[in-house]
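Novice: Next up, model_26.cif (mmCIF, C-alpha atoms and all ligand atoms).
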```
data_data
#
loop_
_atom_site.label_atom_id
_atom_site.label_comp_id
_atom_site.auth_asym_id
_atom_site.auth_seq_id
_atom_site.Cartn_x
_atom_site.Cartn_y
_atom_site.Cartn_z
CA MET A 976 0.00 0.00 0.00
CA ASN A 977 1.34 3.38 -1.00
CA ILE A 978 0.61 5.94 1.73
CA LYS A 979 1.73 9.54 2.24
CA PRO A 980 4.17 10.19 5.09
CA PHE A 981 2.33 10.99 8.32
CA LYS A 982 3.65 14.53 8.70
CA VAL A 983 2.80 15.25 12.33
CA GLU A 984 4.06 11.90 13.58
CA GLU A 985 7.29 12.17 11.57
CA TRP A 986 7.84 15.62 13.03
CA MET A 987 7.23 14.40 16.59
CA ASN A 988 9.47 11.35 16.10
CA ALA A 989 12.34 13.52 14.85
CA TYR A 990 12.36 16.15 17.61
CA GLU A 991 10.26 15.17 20.61
CA THR A 992 12.81 13.33 22.73
CA GLY A 993 15.41 16.13 22.52
CA ALA A 994 13.00 19.01 23.12
CA ARG A 995 13.84 21.42 25.96
CA TYR A 996 10.29 22.84 26.13
CA ASN A 997 7.86 20.33 24.70
CA ILE A 998 4.73 22.33 23.93
CA ALA A 999 3.89 20.14 20.94
CA GLU A 1000 2.57 17.18 22.96
CA THR A 1001 -1.19 16.62 22.66
CA CYS A 1002 -1.85 14.38 25.69
CA VAL A 1003 -2.98 15.98 28.91
CA ASP A 1004 0.23 15.90 31.00
CA SER A 1005 0.88 12.13 31.22
CA ILE A 1006 0.73 10.42 34.59
CA SER A 1007 2.67 7.57 36.16
CA LEU A 1008 1.03 4.46 37.52
CA ASP A 1009 1.86 5.72 41.02
CA GLU A 1010 -0.15 8.87 40.31
CA LEU A 1011 -2.98 6.80 38.86
CA TRP A 1012 -3.11 4.63 41.95
CA ALA A 1013 -3.09 7.66 44.23
CA LEU A 1014 -6.03 9.13 42.30
CA SER A 1015 -7.97 5.87 42.08
CA GLY A 1016 -7.88 4.78 45.71
CA VAL A 1017 -7.54 1.14 44.52
CA ASP A 1018 -5.49 -1.19 46.77
CA LYS A 1019 -2.21 -1.30 44.86
CA GLN A 1020 -0.71 -4.33 46.53
CA ALA A 1021 -3.82 -6.45 46.15
CA PHE A 1022 -4.13 -5.43 42.50
CA TRP A 1023 -0.55 -6.33 41.60
CA GLU A 1024 -0.58 -9.56 43.58
CA GLU A 1025 -3.65 -10.68 41.69
CA VAL A 1026 -2.30 -9.53 38.31
CA CYS A 1027 1.18 -11.01 38.84
CA ALA A 1028 -0.28 -14.40 39.69
CA ARG A 1029 -2.15 -14.53 36.37
CA ARG A 1030 -0.85 -16.46 33.38
CA MET A 1031 -0.12 -14.09 30.49
CA THR A 1032 -2.64 -15.41 27.96
CA TYR A 1033 -4.37 -13.45 25.20
CA GLY A 1034 -6.89 -12.47 27.89
CA TYR A 1035 -10.44 -11.56 26.93
CA ILE A 1036 -10.35 -11.46 23.14
CA GLU A 1037 -13.06 -8.80 22.90
CA GLY A 1038 -11.86 -6.79 25.91
CA HIS A 1039 -11.80 -7.22 29.69
CA PRO A 1040 -15.36 -6.78 31.01
CA ASP A 1041 -14.27 -4.07 33.48
CA PHE A 1042 -12.54 -2.13 30.69
CA LEU A 1043 -15.63 -2.41 28.48
CA ARG A 1044 -17.88 -1.30 31.35
CA GLY A 1045 -15.59 1.68 31.98
CA ILE A 1046 -15.83 2.71 28.32
CA CYS A 1047 -19.64 2.45 28.44
CA GLY A 1048 -19.59 5.00 31.28
CA LEU A 1049 -18.32 7.59 28.81
CA TYR A 1050 -21.46 7.29 26.64
CA ARG A 1051 -25.22 7.49 27.13
CA THR A 1052 -26.35 4.46 25.10
CA VAL A 1053 -23.26 2.33 24.42
CA LYS A 1054 -23.19 -1.23 25.80
CA PRO A 1055 -20.18 -3.61 25.96
CA GLU A 1056 -21.38 -5.35 22.79
CA ASN A 1057 -21.14 -2.02 20.90
CA ILE A 1058 -17.38 -1.73 21.52
CA VAL A 1059 -14.35 -2.99 19.60
CA THR A 1060 -11.11 -2.48 21.52
CA THR A 1061 -7.97 -1.46 19.61
CA HIS A 1062 -4.36 -0.37 19.96
CA GLY A 1063 -4.92 3.32 20.62
CA ALA A 1064 -7.19 5.63 18.67
CA ALA A 1065 -4.59 5.40 15.90
CA GLY A 1066 -5.38 1.67 15.75
CA ALA A 1067 -9.10 2.41 15.93
CA ASN A 1068 -9.15 4.92 13.07
CA HIS A 1069 -7.06 2.67 10.90
CA HIS A 1070 -9.21 -0.29 11.77
CA VAL A 1071 -12.39 1.48 10.66
CA PHE A 1072 -10.90 2.27 7.24
CA TYR A 1073 -9.38 -1.21 6.92
CA SER A 1074 -12.73 -2.81 7.75
CA LEU A 1075 -15.10 -0.57 5.78
CA VAL A 1076 -13.45 1.16 2.84
CA GLU A 1077 -13.03 -0.38 -0.62
CA PRO A 1078 -11.31 1.16 -3.66
CA GLY A 1079 -13.65 3.67 -5.31
CA ASP A 1080 -15.75 4.29 -2.17
CA ARG A 1081 -16.53 7.95 -1.62
CA VAL A 1082 -15.11 9.26 1.66
CA VAL A 1083 -15.47 12.85 2.89
CA SER A 1084 -12.96 14.04 5.51
CA VAL A 1085 -12.42 17.34 7.25
CA MET A 1086 -9.12 19.24 7.02
CA PRO A 1087 -7.25 20.35 9.11
CA SER A 1088 -7.41 17.26 11.24
CA TYR A 1089 -5.45 14.17 12.21
CA GLN A 1090 -3.90 12.98 8.96
CA GLN A 1091 -5.13 9.40 9.37
CA LEU A 1092 -8.62 10.66 8.55
CA TYR A 1093 -7.71 11.57 4.98
CA SER A 1094 -4.45 9.83 4.10
CA ILE A 1095 -5.57 6.30 5.01
CA PRO A 1096 -8.76 6.30 2.92
CA GLU A 1097 -6.77 7.88 0.10
CA ALA A 1098 -4.21 5.07 0.38
CA TYR A 1099 -7.05 2.53 0.21
CA GLN A 1100 -7.94 4.19 -3.11
CA ALA A 1101 -11.15 5.74 -1.88
CA GLU A 1102 -12.54 8.67 -3.82
CA LEU A 1103 -11.52 11.23 -1.22
CA GLN A 1104 -13.31 14.57 -0.84
CA ILE A 1105 -11.89 17.18 1.53
CA LEU A 1106 -14.24 19.36 3.54
CA PRO A 1107 -12.14 22.40 4.52
CA LEU A 1108 -12.57 23.85 8.01
CA ARG A 1109 -12.25 27.61 7.74
CA GLU A 1110 -11.13 30.20 10.24
CA GLU A 1111 -14.11 32.43 9.41
CA ASN A 1112 -16.45 29.57 10.48
CA GLY A 1113 -14.52 29.01 13.72
CA TYR A 1114 -13.14 25.85 12.06
CA LEU A 1115 -16.56 24.18 12.16
CA PRO A 1116 -17.78 22.19 9.16
CA ASP A 1117 -20.15 24.10 6.88
CA PRO A 1118 -23.26 21.87 6.60
CA ASP A 1119 -24.13 23.18 3.10
CA GLU A 1120 -20.67 22.37 1.83
CA LEU A 1121 -20.83 18.93 3.44
CA ARG A 1122 -24.23 18.28 1.82
CA ARG A 1123 -22.73 19.05 -1.60
CA LEU A 1124 -19.81 16.66 -1.01
CA ALA A 1125 -21.72 13.85 0.68
CA VAL A 1126 -23.74 12.73 -2.32
CA PRO A 1127 -26.05 9.71 -1.94
CA GLY A 1128 -24.00 6.54 -1.71
CA THR A 1129 -21.10 8.16 0.15
CA ARG A 1130 -19.55 5.38 2.19
CA LEU A 1131 -18.04 7.34 5.06
CA ILE A 1132 -17.87 10.88 6.44
CA CYS A 1133 -14.98 11.59 8.83
CA ILE A 1134 -15.03 14.38 11.40
CA ASN A 1135 -12.99 15.13 14.49
CA ASN A 1136 -14.58 16.59 17.62
CA PRO A 1137 -12.98 18.42 19.43
CA ASN A 1138 -10.71 19.24 16.53
CA ASN A 1139 -6.97 18.70 16.47
CA PRO A 1140 -5.26 21.13 15.74
CA THR A 1141 -7.73 24.04 16.13
CA GLY A 1142 -9.58 23.17 19.35
CA ALA A 1143 -12.94 23.85 17.64
CA LEU A 1144 -15.92 22.15 19.27
CA MET A 1145 -19.12 21.05 17.53
CA ASP A 1146 -22.20 21.22 19.73
CA GLU A 1147 -24.99 18.66 19.73
CA ALA A 1148 -27.13 20.65 17.28
CA LEU A 1149 -24.35 20.71 14.67
CA LEU A 1150 -23.55 17.03 15.23
CA ARG A 1151 -27.23 16.20 14.69
CA GLN A 1152 -27.25 18.29 11.52
CA ILE A 1153 -24.21 16.39 10.24
CA ALA A 1154 -25.84 13.09 11.23
CA ASP A 1155 -28.93 14.11 9.19
CA ILE A 1156 -26.71 14.77 6.16
CA ALA A 1157 -25.01 11.38 6.63
CA ARG A 1158 -28.42 9.70 6.97
CA GLU A 1159 -29.66 11.29 3.73
CA ALA A 1160 -26.52 10.06 1.97
CA GLY A 1161 -26.77 6.59 3.57
CA SER A 1162 -23.26 7.14 4.94
CA TYR A 1163 -21.39 5.98 8.01
CA LEU A 1164 -20.12 8.84 10.14
CA LEU A 1165 -16.77 8.38 11.88
CA CYS A 1166 -16.06 10.91 14.62
CA ASP A 1167 -12.58 10.90 16.11
CA GLU A 1168 -13.45 11.83 19.69
CA VAL A 1169 -10.06 11.35 21.26
CA TYR A 1170 -10.27 14.79 22.95
CA ARG A 1171 -13.93 14.45 23.97
CA HIS A 1172 -14.76 15.70 27.51
CA LEU A 1173 -11.83 18.16 27.49
CA THR A 1174 -14.12 21.16 27.30
CA GLN A 1175 -13.43 24.65 28.61
CA GLU A 1176 -16.94 24.78 30.08
CA ASP A 1177 -18.80 22.28 32.25
CA VAL A 1178 -21.01 20.72 29.59
CA TRP A 1179 -21.82 17.14 28.66
CA SER A 1180 -19.89 16.29 25.48
CA PRO A 1181 -22.19 14.46 23.09
CA SER A 1182 -20.83 11.47 21.15
CA ILE A 1183 -21.76 10.55 17.61
CA ALA A 1184 -22.33 6.95 18.78
CA ASP A 1185 -25.21 8.19 20.95
CA LEU A 1186 -26.68 10.45 18.26
CA TYR A 1187 -26.60 8.54 15.00
CA GLU A 1188 -27.46 4.88 14.31
CA LYS A 1189 -24.58 4.63 11.81
CA GLY A 1190 -22.24 6.77 13.90
CA ILE A 1191 -18.79 5.42 14.77
CA SER A 1192 -17.04 6.94 17.78
CA VAL A 1193 -13.28 6.52 18.13
CA SER A 1194 -11.42 7.32 21.34
CA SER A 1195 -8.64 6.15 23.63
CA MET A 1196 -6.88 6.30 26.98
CA SER A 1197 -4.13 8.59 25.64
CA LYS A 1198 -5.29 12.21 25.77
CA VAL A 1199 -8.13 12.68 28.24
CA PHE A 1200 -6.86 10.04 30.68
CA SER A 1201 -3.15 10.86 30.24
CA LEU A 1202 -2.22 7.20 29.71
CA ALA A 1203 -0.85 7.01 26.16
CA GLY A 1204 1.60 4.33 27.34
CA LEU A 1205 -1.26 1.85 27.59
CA ARG A 1206 -1.77 2.08 23.82
CA LEU A 1207 -5.46 1.33 24.23
CA GLY A 1208 -8.35 2.72 22.27
CA TRP A 1209 -11.74 1.69 20.99
CA ILE A 1210 -14.44 1.94 18.37
CA ALA A 1211 -18.04 2.36 19.60
CA SER A 1212 -21.05 1.97 17.34
CA HIS A 1213 -24.63 0.68 17.31
CA ASP A 1214 -24.39 -0.42 13.70
CA GLU A 1215 -24.34 -4.22 13.45
CA ASP A 1216 -22.56 -4.25 10.08
CA VAL A 1217 -19.80 -1.99 11.39
CA LEU A 1218 -19.33 -4.13 14.50
CA ARG A 1219 -19.32 -7.36 12.50
CA ALA A 1220 -16.81 -6.01 9.95
CA CYS A 1221 -14.53 -4.54 12.63
CA LEU A 1222 -14.55 -7.72 14.73
CA SER A 1223 -13.88 -10.04 11.83
CA HIS A 1224 -11.06 -7.86 10.48
CA ARG A 1225 -9.67 -7.54 14.00
CA ASP A 1226 -8.79 -11.24 14.09
CA TYR A 1227 -6.27 -10.48 11.35
CA ASN A 1228 -4.45 -7.59 13.00
CA HIS A 1229 -5.12 -7.41 16.75
CA ILE A 1230 -6.41 -10.75 18.08
CA SER A 1231 -6.74 -8.99 21.45
CA CYS A 1232 -5.33 -6.04 23.36
CA GLY A 1233 -2.81 -6.61 26.19
CA MET A 1234 -4.49 -8.09 29.26
CA LEU A 1235 -2.30 -6.06 31.62
CA ASP A 1236 -3.02 -2.82 29.79
CA GLU A 1237 -6.75 -3.48 29.93
CA ARG A 1238 -6.67 -4.07 33.68
CA ILE A 1239 -4.87 -0.78 34.25
CA ALA A 1240 -7.26 1.03 31.91
CA ALA A 1241 -10.16 -0.40 33.93
CA VAL A 1242 -8.65 1.12 37.09
CA ALA A 1243 -8.33 4.47 35.29
CA LEU A 1244 -11.89 4.42 34.03
CA GLY A 1245 -13.04 3.45 37.52
CA ALA A 1246 -11.40 6.71 38.62
CA ARG A 1247 -12.91 8.56 35.65
CA ASP A 1248 -14.27 11.51 37.58
CA ALA A 1249 -10.99 12.22 39.39
CA LEU A 1250 -8.99 11.92 36.16
CA LEU A 1251 -11.42 14.08 34.23
CA ALA A 1252 -11.36 16.74 36.93
CA ARG A 1253 -7.55 16.77 36.79
CA SER A 1254 -7.49 16.98 32.99
CA ARG A 1255 -10.12 19.71 32.82
CA ARG A 1256 -8.30 21.76 35.42
CA ILE A 1257 -5.08 21.48 33.41
CA VAL A 1258 -6.61 22.42 30.03
CA ARG A 1259 -8.53 25.34 31.55
CA GLU A 1260 -5.68 26.83 33.55
CA ASN A 1261 -3.21 26.29 30.73
CA LEU A 1262 -5.42 27.76 28.02
CA GLN A 1263 -5.57 30.94 30.12
CA ILE A 1264 -1.76 31.04 30.08
CA LEU A 1265 -1.68 30.51 26.32
CA ASP A 1266 -4.40 33.09 25.73
CA ASP A 1267 -2.59 35.73 27.81
CA TRP A 1268 0.54 35.03 25.77
CA VAL A 1269 -1.29 35.31 22.42
CA GLN A 1270 -2.90 38.60 23.50
CA GLY A 1271 0.56 39.95 24.36
CA GLU A 1272 2.10 39.10 20.96
CA PRO A 1273 0.98 41.64 18.30
CA ARG A 1274 2.09 39.52 15.30
CA ILE A 1275 0.39 36.31 16.48
CA HIS A 1276 -3.29 35.44 16.24
CA TYR A 1277 -5.56 32.43 16.72
CA SER A 1278 -9.16 31.31 17.18
CA LYS A 1279 -9.28 30.57 20.89
CA PRO A 1280 -9.91 26.84 21.39
CA ARG A 1281 -13.15 25.75 23.02
CA ALA A 1282 -11.97 22.23 23.82
CA GLY A 1283 -9.16 19.70 23.42
CA THR A 1284 -5.48 20.29 24.11
CA THR A 1285 -4.25 22.10 21.00
CA ALA A 1286 -4.40 25.53 19.37
CA LEU A 1287 -3.46 26.58 15.85
CA VAL A 1288 -1.49 29.81 16.10
CA PHE A 1289 -0.81 32.00 13.03
CA TYR A 1290 2.20 34.28 12.77
CA ASP A 1291 2.95 37.29 10.65
CA TYR A 1292 6.64 36.68 9.83
CA ASP A 1293 8.10 35.85 6.44
CA LEU A 1294 9.06 32.23 7.09
CA GLU A 1295 7.37 28.98 6.11
CA SER A 1296 6.24 26.85 9.04
CA TYR A 1297 8.82 24.03 8.92
CA ALA A 1298 11.67 26.56 8.78
CA PHE A 1299 10.02 28.60 11.55
CA CYS A 1300 9.70 25.59 13.87
CA GLU A 1301 13.12 24.09 13.09
CA ARG A 1302 14.96 27.38 13.56
CA MET A 1303 13.09 28.10 16.77
CA TYR A 1304 13.77 24.60 18.12
CA HIS A 1305 17.51 24.90 17.55
CA ALA A 1306 17.74 28.53 18.70
CA THR A 1307 15.62 28.34 21.86
CA GLY A 1308 14.59 24.73 22.57
CA ALA A 1309 10.88 25.56 22.07
CA PHE A 1310 9.20 22.62 20.35
CA VAL A 1311 5.89 23.17 18.52
CA THR A 1312 4.43 21.57 15.37
CA PRO A 1313 4.52 23.24 11.92
CA GLY A 1314 1.11 24.17 10.55
CA ASP A 1315 2.13 22.60 7.22
CA CYS A 1316 1.77 19.21 8.94
CA PHE A 1317 -1.97 20.06 8.76
CA GLU A 1318 -1.82 21.86 5.39
CA MET A 1319 -2.13 25.17 7.29
CA PRO A 1320 0.81 27.36 6.19
CA ARG A 1321 2.25 30.20 8.28
CA SER A 1322 1.05 28.69 11.54
CA PHE A 1323 2.12 26.31 14.26
CA ARG A 1324 0.26 24.04 16.64
CA VAL A 1325 0.75 24.40 20.36
CA GLY A 1326 -0.15 21.51 22.67
CA TYR A 1327 -0.97 23.45 25.83
CA ALA A 1328 -1.88 20.62 28.23
CA SER A 1329 1.71 20.02 29.27
CA ASP A 1330 3.26 20.76 32.64
CA GLN A 1331 2.40 24.40 33.46
CA GLU A 1332 5.96 25.56 34.02
CA GLU A 1333 7.08 23.96 30.77
CA LEU A 1334 4.25 25.77 28.96
CA ARG A 1335 5.23 29.14 30.45
CA GLN A 1336 8.91 28.66 29.66
CA GLY A 1337 8.14 27.29 26.21
CA LEU A 1338 6.00 30.32 25.32
CA ALA A 1339 8.70 32.64 26.66
CA ALA A 1340 11.16 30.83 24.37
CA VAL A 1341 8.79 31.36 21.40
CA SER A 1342 8.70 35.08 22.27
CA ALA A 1343 12.50 35.18 22.38
CA PHE A 1344 12.55 33.69 18.87
CA LEU A 1345 10.04 36.27 17.62
CA ARG A 1346 12.25 39.07 18.98
CA GLN A 1347 15.18 37.48 17.13
CA LEU A 1348 13.16 37.46 13.87
CA GLU A 1349 12.24 41.13 14.37
CA LYS A 1350 15.88 41.99 14.95
CA GLU A 1351 16.78 40.25 11.69
CA GLU A 1352 14.04 42.20 9.89
CA ARG A 1353 15.52 45.48 11.10
CA ALA A 1354 19.10 44.52 10.15
C1 LIG A 1401 -7.25 13.37 16.63
C2 LIG A 1401 -6.36 12.23 17.03
N1 LIG A 1401 -6.76 10.98 16.82
C3 LIG A 1401 -6.01 9.93 17.16
C4 LIG A 1401 -4.78 10.10 17.75
C5 LIG A 1401 -3.97 8.89 18.15
O1 LIG A 1401 -4.10 8.68 19.55
P1 LIG A 1401 -3.71 7.34 20.29
O2 LIG A 1401 -2.57 7.67 21.19
O3 LIG A 1401 -4.92 6.96 21.07
O4 LIG A 1401 -3.38 6.32 19.28
C6 LIG A 1401 -4.29 11.39 17.97
C7 LIG A 1401 -2.95 11.61 18.55
O5 LIG A 1401 -2.39 12.68 18.50
C8 LIG A 1401 -5.11 12.48 17.61
O6 LIG A 1401 -4.72 13.75 17.83
#
```
Take the structure from the file and write it as structure tokens.
Specialist:
Amino acid sequence: MNIKPFKVEEWMNAYETGARYNIAETCVDSISLDELWALSGVDKQAFWEEVCARRMTYGYIEGHPDFLRGICGLYRTVKPENIVTTHGAAGANHHVFYSLVEPGDRVVSVMPSYQQLYSIPEAYQAELQILPLREENGYLPDPDELRRLAVPGTRLICINNPNNPTGALMDEALLRQIADIAREAGSYLLCDEVYRHLTQEDVWSPSIADLYEKGISVSSMSKVFSLAGLRLGWIASHDEDVLRACLSHRDYNHISCGMLDERIAAVALGARDALLARSRRIVRENLQILDDWVQGEPRIHYSKPRAGTTALVFYDYDLESYAFCERMYHATGAFVTPGDCFEMPRSFRVGYASDQEELRQGLAAVSAFLRQLEKEERA
């Protein structure tokens, strides 16, 4: 299969480990198992004694019941039998395309977004249609434009809510409107919901799996629950054909997820409220820090995120985004992601859910680089 390079992941792989101020990371500040246990109140010794005594088999092929129950708690209508567990949301997104998309199928995907959502269907030789998310619409999909692209017979529409990189948030009314368009077209609707629940306001975050009978929700333990190291994600849907296709294809590429990982994820989901409170506090406090910084930089602008962990920041300097980010990284140690990874020139993505001090110092380092650019302009 011929597939385009995954720009954001290649960028992260190249620079992440050596970054002095990593403000490119998209997970809410990752936690250790010690921190998880402290938050969960679960008896650590009893847990590990029980787990260590177990034989390391394939475990529950379709997911540990406690893990599945924990996932159900994140939805209104999803039951264990509606879930397919996967290796991260990356595994889940790929698995949906692998299971459902044939050459020639029409697939509509939003951009900017996570590149999987357009480059994988393209690689599977789908007839890909891009629905651009525009700054003037607050990076929300335009329903009229979607209706024009999602002609009857469209196989799959792909959206991402909250959006990476912009932090735009679709409300329930807009999701229902998009579901109506998908229904008219007879299309499945995949919503990458990996940042769901990370809202700036205390509101219930609706899921496409609860709103649309052919909706497919993808999420994971990585971002909201700060446990990317578990590499666990899932697909949730009420559609029998989707579930059947995903489960039968899963025998070929997953068999099962790690039994140890699933047990730890079950502990985390058992402590859902404490973890969510921590994550929401971090994204809210940190967005205030980012917003203050943006307001203080006259040649920087953005649409303030409403949810998620990322912001797309535009700059008014004569430098393309890869050169901007590479030069800044080497000059100051500030590590952000070039907007061209999302086909958004003259911008960069900040992941603002990192450690607060690292965020402050990272933004100060970005400012130092901007002053350097201004000095060069004057020279
Ligand atoms: C929108 C989106 N989907 C999926 C993923 C992959 O997440 P996971 O760690 O669960 O595989 C990411 C990671 O950055 C993402 O931003």
Novice: Distance table requested - chain A against ligand LIG 1401 (chain A), cut-off 6 Å, all atoms listed in the file: one row per qualifying residue with the closest atom pair and its distance in Å to one decimal, ordered by chain and rising residue number, as CSV.
Specialist:
```
residue,atom,partner,partner_atom,distance
A:Thr1001,CA,A:LIG1401,O5,5.9
A:Gly1063,CA,A:LIG1401,O4,3.6
A:Ala1064,CA,A:LIG1401,O3,3.6
A:Ala1065,CA,A:LIG1401,O4,3.7
A:Tyr1089,CA,A:LIG1401,C1,4.8
A:Asn1139,CA,A:LIG1401,C1,5.3
A:Asp1167,CA,A:LIG1401,N1,5.9
A:Val1169,CA,A:LIG1401,N1,5.5
A:Ser1195,CA,A:LIG1401,O3,4.6
A:Ser1197,CA,A:LIG1401,O2,4.8
A:Ala1203,CA,A:LIG1401,O2,5.3
A:Gly1208,CA,A:LIG1401,O3,5.6
```
Novice: Find the residue from A:Ile1264, A:Arg1238, A:Val1083, A:Glu1332 that sits nearest to Gly1034 in chain A; use all atoms listed in the file when measuring.
Specialist: A:Arg1238
Novice: Rank A:Ala1298, A:Ile1210, A:Ala1306, A:Ala1249 by their smallest atom-to-atom distance to Thr1060 in chain A, using only C-alpha atoms, and report the top residue only.
Specialist: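 So, comparing all the options, the nearest one is A:Ile1210.
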Novice: Write out as a PyMOL selection string each polymer residue whose atoms come within 12 Å of Glu1025 in chain A, counting all atoms listed in the file; drop sequence neighbours fewer than 6 positions from it.
Specialist: chain A and resi 1018-1019+1235+1238
Novice: Calculate how many Å separate CA of Arg1029 in chain A from CA of Met1234 in chain A, rounding to one decimal.
Specialist: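 Rounded to one decimal, the two atoms are 9.9 Å apart.
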Novice: Name the residues in contact with Ile978 in chain A at a cut-off of 12 Å, using only C-alpha atoms, excluding same-chain residues fewer than 5 positions from it; report them as an NGL selection string.
Specialist: :A and (1090-1091 or 1093-1100)
Novice: Please write the residues from the selection above to a file, keeping C-alpha atoms, as a short mmCIF file (atom, residue, chain, number, x, y, z; two decimals), in the frame of the given file.
Specialist:
```cif
data_model
loop_
_atom_site.label_atom_id
_atom_site.label_comp_id
_atom_site.auth_asym_id
_atom_site.auth_seq_id
_atom_site.Cartn_x
_atom_site.Cartn_y
_atom_site.Cartn_z
CA GLN A 1090 -3.90 12.98 8.96
CA GLN A 1091 -5.13 9.40 9.37
CA TYR A 1093 -7.71 11.57 4.98
CA SER A 1094 -4.45 9.83 4.10
CA ILE A 1095 -5.57 6.30 5.01
CA PRO A 1096 -8.76 6.30 2.92
CA GLU A 1097 -6.77 7.88 0.10
CA ALA A 1098 -4.21 5.07 0.38
CA TYR A 1099 -7.05 2.53 0.21
CA GLN A 1100 -7.94 4.19 -3.11
#
```
Novice: I'd like to know which of A:His1224, A:Arg1130, A:Arg1335, A:Lys1198 is closest to Pro1078 in chain A, using all atoms listed in the file.
Specialist: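 Checking each candidate against Pro1078 in chain A, we get A:Arg1130 as the closest.
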Novice: Find the residue from A:Leu1150, A:Val1059, A:Val1341, A:Val1082 that sits nearest to Glu1215 in chain A; use all atoms listed in the file when measuring.
Specialist: A:Val1059
Novice: With 4 Å on each side, where is the centre of the axis-aligned box around all listed atoms of range 1293-1309 of chain A, and how long are its edges in Å to one decimal, as lines of an AutoDock Vina configuration file?
Specialist:
```
center_x = 12.0
center_y = 29.9
center_z = 14.3
size_x = 19.5
size_y = 19.8
size_z = 24.5
```
Novice: Measuring between only C-alpha atoms, which one of A:Glu1260, A:Asp1248, A:Asp1185, A:Asp1266 shows the shortest distance to Val1325 in chain A?
Specialist: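 Going through A:Glu1260, A:Asp1248, A:Asp1185, A:Asp1266 one by one, the smallest distance to Val1325 in chain A is for A:Asp1266.
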Novice: Compute the distance from (7.5, 33.0, 10.4) to each atom, counting only C-alpha atoms, keep the residues with any atom at most 12 Å away, and return them as a ChimeraX atom specification; use the coordinates of the file.
Specialist: /A:1274-1275,1288-1303,1313-1314,1320-1323,1341,1344-1349,1351-1352
Novice: By how many Å are CA of Thr1129 in chain A and CA of Glu1147 in chain A apart?
Specialist: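 The value is 22.6 Å.
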Novice: Which neighbours of Lys1054 in chain A fall inside 12 Å, counting all atoms listed in the file, when residues of the same chain fewer than 2 positions from it are skipped, and could you give them as a compact mmCIF listing (two decimals) with C-alpha atoms, in the coordinates of the input?
Specialist:
```txt
# COMPACT_ATOMS: atom_id res chain seq x y z
CA PRO A 1040 -15.36 -6.78 31.01
CA PHE A 1042 -12.54 -2.13 30.69
CA LEU A 1043 -15.63 -2.41 28.48
CA ARG A 1044 -17.88 -1.30 31.35
CA GLY A 1045 -15.59 1.68 31.98
CA ILE A 1046 -15.83 2.71 28.32
CA CYS A 1047 -19.64 2.45 28.44
CA GLY A 1048 -19.59 5.00 31.28
CA LEU A 1049 -18.32 7.59 28.81
CA TYR A 1050 -21.46 7.29 26.64
CA ARG A 1051 -25.22 7.49 27.13
CA THR A 1052 -26.35 4.46 25.10
CA GLU A 1056 -21.38 -5.35 22.79
CA ASN A 1057 -21.14 -2.02 20.90
CA ILE A 1058 -17.38 -1.73 21.52
CA VAL A 1059 -14.35 -2.99 19.60
CA ALA A 1184 -22.33 6.95 18.78
CA ASP A 1185 -25.21 8.19 20.95
CA ILE A 1210 -14.44 1.94 18.37
CA ALA A 1211 -18.04 2.36 19.60
CA SER A 1212 -21.05 1.97 17.34
CA HIS A 1213 -24.63 0.68 17.31
```
Novice: With only C-alpha atoms as the counted atoms, please give the residues lying no more than 10 Å from Ile1156 in chain A, apart from itself and same-chain residues fewer than 2 positions off, as a ChimeraX atom specification.
Specialist: /A:1118-1119,1121-1123,1125-1127,1132,1150-1154,1158-1162,1164
Novice: Write out as a PyMOL selection string which residues come within 8 Å of Leu1106 in chain A when counting all atoms listed in the file, dropping same-chain ones fewer than 4 positions away.
Specialist: chain A and resi 1083-1086+1116+1120-1121+1124
Novice: Between CA of Ser1015 in chain A and CA of Ala1246 in chain A, what is the spacing in Å?
Specialist: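 Value for the CA of Ala1246 in chain A-CA of Ser1015 in chain A distance: 4.9 Å.
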